[in-house]
Amino acid sequence: DPLFNRAMSGIGFPTGSVIKPLVALGALQEGVIGEDTSIFAPFEICVWNRYAKQDECFRDWKFHGQSDVKRAIAESVNTFFYIIGGGYQNYQGLGAENIKKYLEMFGWGNPTGIDIPEEGQGTLPVFDKNWRLGDTYHLSIGQGPFATTPLQVASAFAAIANGGTLLEPQAVQKFLDKDKKVLEAVQPKIAQKDFASPENIEIVREGMRQTVTAGSATGFLDHLGVRAAAKTGTAQTGRKTSDGKDYLYSWTVAFAPYDNPEIVLVVVVENIREGQVAALPVVRDALQWYFNKQ
């Protein structure tokens, strides 16, 4: 339906790896990792599945090896996030409840309160007796039973971009009378602040900058003429092509200029065939247009 506002209505979409900066921030805040913590990220990690009575293995998309949090954000290292999210061997992870707590702090699972009707609110996972470690691993990389609206994602990353203040998104800037005199200028509304230290937000921001200089957005956002930061993600739709490939949701979130952000951009492209690049070129073109028109 072309008239349905996918950016802010409905339950939204699973995010894929766009969740990772928020999981990283939670892990930094809770002391699971520090800025310099280096974790060996194997190609796959296997854990016992008590229902299937056998090991269940969770893979990275390629072998990464030793990784700190900035590299893990920049190169989207799945196994790093499995370990800091769910824990592994003697490594204590954040745990599903804590991951959900940080997503809620960023406003996920609730309407943002934007001044436009028919806003959706997304869904967050419910943890019941069937929830297992493998589900926490999936959640750590943005898969599983949850969905967010692109607006909620933009709102969360505006808080990362600005150093930690979650604002209520607003479409209306000011009210004018018939002579175009300002009756009321709409003031920013703070939804949440001081839930993460500026130091930890800065570490996450640096990881998102590294995504552009040496990670999954290199080749697209590193020649803009303005320094940008970004995170890419793909999430499964559950549908497959006739030749057995996955249809995916392709995400990119970006903000720029890096040092003093004035724009946060979220792009979701639906039903992309596995292996195609979709959201990044759109973000590149939109940022190019935005910074050249001024």
# chains A, B, ... in the order shown; residues from 1 in each chain; ligands from 1
$ residues_around --residues "A:Lys231" --least-positions-apart "4" --cutoff "8 Å" --atoms "only C-alpha atoms" --output "mmCIF file with all heavy atoms, in the first residue's frame"
data_model
loop_
_atom_site.group_PDB
_atom_site.id
_atom_site.type_symbol
_atom_site.label_atom_id
_atom_site.label_comp_id
_atom_site.auth_asym_id
_atom_site.auth_seq_id
_atom_site.Cartn_x
_atom_site.Cartn_y
_atom_site.Cartn_z
ATOM 1 N N SER A 17 21.715 -5.997 11.894
ATOM 2 C CA SER A 17 22.899 -5.497 12.606
ATOM 3 C C SER A 17 22.830 -4.035 13.039
ATOM 4 O O SER A 17 23.701 -3.570 13.763
ATOM 5 C CB SER A 17 24.142 -5.692 11.734
ATOM 6 O OG SER A 17 24.367 -7.066 11.528
ATOM 7 N N VAL A 18 21.816 -3.307 12.608
ATOM 8 C CA VAL A 18 21.653 -1.923 13.066
ATOM 9 C C VAL A 18 21.489 -1.868 14.598
ATOM 10 O O VAL A 18 21.740 -0.848 15.224
ATOM 11 C CB VAL A 18 20.462 -1.275 12.309
ATOM 12 C CG1 VAL A 18 19.970 -0.005 12.966
ATOM 13 C CG2 VAL A 18 20.888 -0.982 10.870
ATOM 14 N N PRO A 21 25.210 -1.251 17.614
ATOM 15 C CA PRO A 21 25.731 -0.148 18.436
ATOM 16 C C PRO A 21 25.002 -0.007 19.778
ATOM 17 O O PRO A 21 25.618 0.371 20.788
ATOM 18 C CB PRO A 21 25.513 1.088 17.552
ATOM 19 C CG PRO A 21 25.537 0.555 16.153
ATOM 20 C CD PRO A 21 24.863 -0.786 16.249
ATOM 21 N N ILE A 73 31.746 -3.167 15.611
ATOM 22 C CA ILE A 73 30.681 -2.337 15.032
ATOM 23 C C ILE A 73 30.977 -2.087 13.553
ATOM 24 O O ILE A 73 30.113 -2.276 12.692
ATOM 25 C CB ILE A 73 30.562 -0.995 15.796
ATOM 26 C CG1 ILE A 73 29.999 -1.224 17.207
ATOM 27 C CG2 ILE A 73 29.676 -0.003 15.022
ATOM 28 C CD1 ILE A 73 30.052 0.002 18.109
ATOM 29 N N ALA A 74 32.217 -1.681 13.269
ATOM 30 C CA ALA A 74 32.583 -1.278 11.900
ATOM 31 C C ALA A 74 32.428 -2.414 10.899
ATOM 32 O O ALA A 74 31.926 -2.222 9.792
ATOM 33 C CB ALA A 74 34.021 -0.747 11.875
ATOM 34 N N MET A 208 31.085 3.651 14.753
ATOM 35 C CA MET A 208 30.251 3.982 13.590
ATOM 36 C C MET A 208 31.023 4.829 12.579
ATOM 37 O O MET A 208 30.773 4.741 11.369
ATOM 38 C CB MET A 208 28.971 4.688 14.036
ATOM 39 C CG MET A 208 28.017 3.761 14.779
ATOM 40 S SD MET A 208 26.478 4.588 15.280
ATOM 41 C CE MET A 208 25.709 4.889 13.675
ATOM 42 N N THR A 211 33.059 2.380 10.641
ATOM 43 C CA THR A 211 32.238 1.689 9.638
ATOM 44 C C THR A 211 32.420 2.337 8.263
ATOM 45 O O THR A 211 32.415 1.670 7.225
ATOM 46 C CB THR A 211 30.742 1.758 10.022
ATOM 47 O OG1 THR A 211 30.570 1.232 11.340
ATOM 48 C CG2 THR A 211 29.872 0.973 9.053
ATOM 49 N N SER A 216 31.871 -1.670 6.883
ATOM 50 C CA SER A 216 30.854 -2.114 5.926
ATOM 51 C C SER A 216 30.263 -0.996 5.064
ATOM 52 O O SER A 216 29.527 -1.272 4.120
ATOM 53 C CB SER A 216 29.725 -2.845 6.663
ATOM 54 O OG SER A 216 29.103 -1.979 7.592
ATOM 55 N N ALA A 217 30.586 0.280 5.365
ATOM 56 C CA ALA A 217 30.082 1.376 4.520
ATOM 57 C C ALA A 217 31.180 2.000 3.660
ATOM 58 O O ALA A 217 30.942 2.966 2.935
ATOM 59 C CB ALA A 217 29.422 2.457 5.383
ATOM 60 N N THR A 252 20.364 0.912 6.447
ATOM 61 C CA THR A 252 21.544 1.714 6.799
ATOM 62 C C THR A 252 21.068 2.904 7.622
ATOM 63 O O THR A 252 20.066 3.537 7.287
ATOM 64 C CB THR A 252 22.312 2.216 5.563
ATOM 65 O OG1 THR A 252 22.766 1.090 4.811
ATOM 66 C CG2 THR A 252 23.530 3.043 5.971
ATOM 67 N N VAL A 253 21.776 3.167 8.716
ATOM 68 C CA VAL A 253 21.557 4.395 9.475
ATOM 69 C C VAL A 253 22.869 5.184 9.411
ATOM 70 O O VAL A 253 23.951 4.602 9.488
ATOM 71 C CB VAL A 253 21.132 4.109 10.936
ATOM 72 C CG1 VAL A 253 22.133 3.229 11.657
ATOM 73 C CG2 VAL A 253 20.933 5.408 11.707
ATOM 74 N N ALA A 254 22.764 6.491 9.208
ATOM 75 C CA ALA A 254 23.969 7.323 9.122
ATOM 76 C C ALA A 254 23.701 8.675 9.769
ATOM 77 O O ALA A 254 22.547 9.124 9.838
ATOM 78 C CB ALA A 254 24.378 7.520 7.657
#
$ residues_around --residues "stretch 51-57 of chain A" --least-positions-apart "2" --cutoff "12 Å" --atoms "only C-alpha atoms" --output "list of chain:residue names"
A:Pro42, A:Phe43, A:Glu44, A:Ile45, A:Cys46, A:Val47, A:Trp48, A:Asn49, A:Arg59, A:Asp60, A:Thr79, A:Tyr82, A:Lys129, A:Asn130, A:Trp131, A:Arg132, A:Leu133, A:Gly134, A:Asp135, A:Tyr137, A:His138
$ write_last_selection --atoms "C-alpha atoms" --output "PDB file, in the first residue's frame"
ATOM      1  CA  PRO A  42      35.739 -17.327  15.864  1.00  0.00           C
ATOM      2  CA  PHE A  43      33.903 -18.157  12.649  1.00  0.00           C
ATOM      3  CA  GLU A  44      31.222 -19.924  14.675  1.00  0.00           C
ATOM      4  CA  ILE A  45      30.337 -20.670  18.256  1.00  0.00           C
ATOM      5  CA  CYS A  46      28.416 -23.777  19.242  1.00  0.00           C
ATOM      6  CA  VAL A  47      26.305 -24.215  22.371  1.00  0.00           C
ATOM      7  CA  TRP A  48      24.224 -27.088  23.665  1.00  0.00           C
ATOM      8  CA  ASN A  49      20.541 -26.940  22.724  1.00  0.00           C
ATOM      9  CA  ARG A  59      28.105 -18.287  12.590  1.00  0.00           C
ATOM     10  CA  ASP A  60      29.753 -15.080  11.609  1.00  0.00           C
ATOM     11  CA  THR A  79      30.356 -13.698  16.989  1.00  0.00           C
ATOM     12  CA  TYR A  82      26.926 -13.259  20.406  1.00  0.00           C
ATOM     13  CA  LYS A 129      10.335 -20.526  29.659  1.00  0.00           C
ATOM     14  CA  ASN A 130      11.100 -21.430  26.018  1.00  0.00           C
ATOM     15  CA  TRP A 131      13.615 -18.600  25.584  1.00  0.00           C
ATOM     16  CA  ARG A 132      17.102 -20.046  25.316  1.00  0.00           C
ATOM     17  CA  LEU A 133      20.681 -18.849  24.866  1.00  0.00           C
ATOM     18  CA  GLY A 134      20.414 -19.170  21.081  1.00  0.00           C
ATOM     19  CA  ASP A 135      17.531 -16.688  21.134  1.00  0.00           C
ATOM     20  CA  TYR A 137      22.437 -14.678  20.400  1.00  0.00           C
ATOM     21  CA  HIS A 138      19.912 -13.905  17.645  1.00  0.00           C
TER      22      HIS A 138
END
$ residues_around --residues "stretch 91-99 of chain A" --least-positions-apart "4" --cutoff "8 Å" --atoms "only C-alpha atoms" --output "list in words"
Val23, Gly26, Ala27, Glu30, Val32, Ile83, Ile84, Gly85, Gly86, Gly87, Leu103, Thr136, Leu139 and Ser140 of chain A
$ write_last_selection --atoms "N, CA, C and O atoms" --output "compact mmCIF listing (two decimals), in the first residue's frame"
# COMPACT_ATOMS: atom_id res chain seq x y z
N VAL A 23 23.55 -2.55 21.48
CA VAL A 23 24.02 -3.67 22.30
C VAL A 23 25.43 -3.37 22.82
O VAL A 23 25.73 -3.61 24.00
N GLY A 26 25.18 -0.94 25.69
CA GLY A 26 24.74 -1.64 26.90
C GLY A 26 25.88 -2.42 27.54
O GLY A 26 26.06 -2.39 28.77
N ALA A 27 26.67 -3.10 26.72
CA ALA A 27 27.80 -3.89 27.24
C ALA A 27 28.86 -2.99 27.88
O ALA A 27 29.46 -3.34 28.91
N GLU A 30 27.36 -1.66 31.25
CA GLU A 30 27.23 -2.68 32.30
C GLU A 30 28.58 -3.30 32.67
O GLU A 30 28.63 -4.23 33.47
N VAL A 32 30.50 -5.14 30.85
CA VAL A 32 30.78 -6.44 30.19
C VAL A 32 32.07 -6.32 29.39
O VAL A 32 32.87 -7.26 29.34
N ILE A 83 28.88 -13.18 21.86
CA ILE A 83 29.62 -13.36 23.11
C ILE A 83 29.27 -12.27 24.12
O ILE A 83 29.00 -12.55 25.29
N ILE A 84 29.26 -10.99 23.67
CA ILE A 84 28.96 -9.93 24.65
C ILE A 84 27.46 -9.87 24.96
O ILE A 84 27.07 -9.38 26.02
N GLY A 85 26.63 -10.40 24.06
CA GLY A 85 25.19 -10.39 24.30
C GLY A 85 24.73 -11.55 25.17
O GLY A 85 24.07 -11.36 26.19
N GLY A 86 25.11 -12.76 24.78
CA GLY A 86 24.62 -13.95 25.49
C GLY A 86 25.63 -14.61 26.40
O GLY A 86 25.27 -15.45 27.22
N GLY A 87 26.91 -14.25 26.24
CA GLY A 87 27.95 -14.93 27.01
C GLY A 87 28.41 -16.20 26.30
O GLY A 87 27.70 -16.75 25.45
N LEU A 103 17.34 -1.29 24.85
CA LEU A 103 16.47 -0.97 23.71
C LEU A 103 15.31 -0.09 24.17
O LEU A 103 14.94 0.88 23.50
N THR A 136 18.97 -15.40 22.62
CA THR A 136 19.71 -14.20 23.03
C THR A 136 20.79 -13.87 22.00
O THR A 136 21.01 -12.70 21.67
N LEU A 139 19.06 -12.19 19.14
CA LEU A 139 18.67 -10.83 19.52
C LEU A 139 19.89 -9.89 19.48
O LEU A 139 19.78 -8.73 19.07
N SER A 140 21.05 -10.41 19.88
CA SER A 140 22.27 -9.59 19.94
C SER A 140 22.69 -9.04 18.58
O SER A 140 23.43 -8.06 18.51
$ atom_distance --atom1 "atom CA of A:Ala171" --atom2 "atom CA of A:Arg6"
16.0 Å
$ closest_residue --among "A:Arg239, A:His223, A:Arg71, A:Lys100" --to "A:Thr123" --atoms "only C-alpha atoms"
A:Lys100
$ decode --residues "stretch 272-286 of chain A" --atoms "all heavy atoms" --output "CSV table (one decimal), in the first residue's frame"
chain,number,residue,atom,x,y,z
A,272,ILE,N,15.0,-7.3,-0.6
A,272,ILE,CA,16.2,-7.3,-1.4
A,272,ILE,C,16.7,-8.8,-1.5
A,272,ILE,O,16.8,-9.5,-0.5
A,272,ILE,CB,17.3,-6.5,-0.7
A,272,ILE,CG1,16.8,-5.0,-0.7
A,272,ILE,CG2,18.6,-6.6,-1.3
A,272,ILE,CD1,16.5,-4.5,-2.1
A,273,ARG,N,17.1,-9.2,-2.7
A,273,ARG,CA,17.7,-10.5,-2.8
A,273,ARG,C,19.1,-10.6,-2.2
A,273,ARG,O,19.8,-9.7,-2.3
A,273,ARG,CB,17.9,-10.9,-4.3
A,273,ARG,CG,16.6,-11.2,-5.0
A,273,ARG,CD,16.8,-11.3,-6.5
A,273,ARG,NE,17.7,-12.5,-6.8
A,273,ARG,CZ,17.2,-13.7,-7.1
A,273,ARG,NH1,15.9,-13.9,-7.2
A,273,ARG,NH2,18.1,-14.7,-7.4
A,274,GLU,N,19.3,-11.7,-1.5
A,274,GLU,CA,20.6,-11.9,-0.8
A,274,GLU,C,21.8,-11.6,-1.8
A,274,GLU,O,21.7,-12.0,-2.9
A,274,GLU,CB,20.6,-13.4,-0.5
A,274,GLU,CG,21.6,-13.9,0.6
A,274,GLU,CD,21.5,-15.4,0.8
A,274,GLU,OE1,20.4,-15.9,0.7
A,274,GLU,OE2,22.6,-16.0,1.0
A,275,GLY,N,22.7,-10.8,-1.3
A,275,GLY,CA,23.9,-10.5,-2.1
A,275,GLY,C,23.8,-9.1,-2.8
A,275,GLY,O,24.8,-8.6,-3.3
A,276,GLN,N,22.6,-8.6,-2.8
A,276,GLN,CA,22.5,-7.2,-3.4
A,276,GLN,C,22.8,-6.1,-2.4
A,276,GLN,O,22.5,-6.3,-1.2
A,276,GLN,CB,21.0,-7.0,-3.9
A,276,GLN,CG,20.7,-7.8,-5.2
A,276,GLN,CD,19.2,-7.5,-5.6
A,276,GLN,OE1,18.3,-7.4,-4.8
A,276,GLN,NE2,19.0,-7.3,-6.9
A,277,VAL,N,23.3,-5.0,-2.9
A,277,VAL,CA,23.5,-3.8,-2.1
A,277,VAL,C,22.3,-2.9,-2.3
A,277,VAL,O,22.1,-2.6,-3.5
A,277,VAL,CB,24.9,-3.1,-2.4
A,277,VAL,CG1,25.0,-1.9,-1.6
A,277,VAL,CG2,26.0,-4.1,-2.1
A,278,ALA,N,21.7,-2.4,-1.3
A,278,ALA,CA,20.4,-1.7,-1.5
A,278,ALA,C,20.4,-0.3,-0.8
A,278,ALA,O,20.3,0.7,-1.4
A,278,ALA,CB,19.2,-2.5,-1.1
A,279,ALA,N,20.5,-0.3,0.5
A,279,ALA,CA,20.3,0.9,1.3
A,279,ALA,C,21.5,1.9,1.2
A,279,ALA,O,21.3,3.1,1.2
A,279,ALA,CB,20.0,0.6,2.8
A,280,LEU,N,22.7,1.4,1.1
A,280,LEU,CA,23.9,2.2,1.1
A,280,LEU,C,23.9,3.3,0.0
A,280,LEU,O,24.2,4.4,0.3
A,280,LEU,CB,25.2,1.4,1.1
A,280,LEU,CG,25.8,1.1,2.5
A,280,LEU,CD1,26.9,0.0,2.3
A,280,LEU,CD2,26.3,2.3,3.2
A,281,PRO,N,23.7,2.9,-1.2
A,281,PRO,CA,23.7,3.9,-2.3
A,281,PRO,C,22.6,4.9,-2.1
A,281,PRO,O,22.8,6.1,-2.5
A,281,PRO,CB,23.4,3.1,-3.6
A,281,PRO,CG,23.4,1.6,-3.2
A,281,PRO,CD,23.5,1.5,-1.8
A,282,VAL,N,21.5,4.6,-1.5
A,282,VAL,CA,20.4,5.6,-1.3
A,282,VAL,C,20.9,6.6,-0.2
A,282,VAL,O,20.7,7.8,-0.4
A,282,VAL,CB,19.1,4.8,-0.8
A,282,VAL,CG1,18.0,5.9,-0.5
A,282,VAL,CG2,18.6,3.8,-1.8
A,283,VAL,N,21.5,6.1,0.8
A,283,VAL,CA,22.0,7.0,1.9
A,283,VAL,C,23.1,7.9,1.3
A,283,VAL,O,23.1,9.1,1.5
A,283,VAL,CB,22.6,6.1,3.0
A,283,VAL,CG1,23.4,7.0,4.0
A,283,VAL,CG2,21.5,5.4,3.8
A,284,ARG,N,24.0,7.3,0.5
A,284,ARG,CA,25.1,8.1,-0.2
A,284,ARG,C,24.4,9.3,-1.0
A,284,ARG,O,24.8,10.4,-0.8
A,284,ARG,CB,25.9,7.2,-1.1
A,284,ARG,CG,27.0,8.0,-1.8
A,284,ARG,CD,27.6,7.1,-2.9
A,284,ARG,NE,26.5,6.8,-3.9
A,284,ARG,CZ,26.6,5.7,-4.7
A,284,ARG,NH1,27.6,4.9,-4.6
A,284,ARG,NH2,25.6,5.4,-5.5
A,285,ASP,N,23.5,8.9,-1.8
A,285,ASP,CA,22.9,9.9,-2.7
A,285,ASP,C,22.1,11.0,-1.9
A,285,ASP,O,22.2,12.2,-2.2
A,285,ASP,CB,21.9,9.3,-3.7
A,285,ASP,CG,22.7,8.4,-4.7
A,285,ASP,OD1,23.9,8.4,-4.7
A,285,ASP,OD2,22.0,7.7,-5.5
A,286,ALA,N,21.4,10.5,-0.9
A,286,ALA,CA,20.6,11.5,0.0
A,286,ALA,C,21.6,12.4,0.7
A,286,ALA,O,21.3,13.7,0.8
A,286,ALA,CB,19.7,10.7,0.9
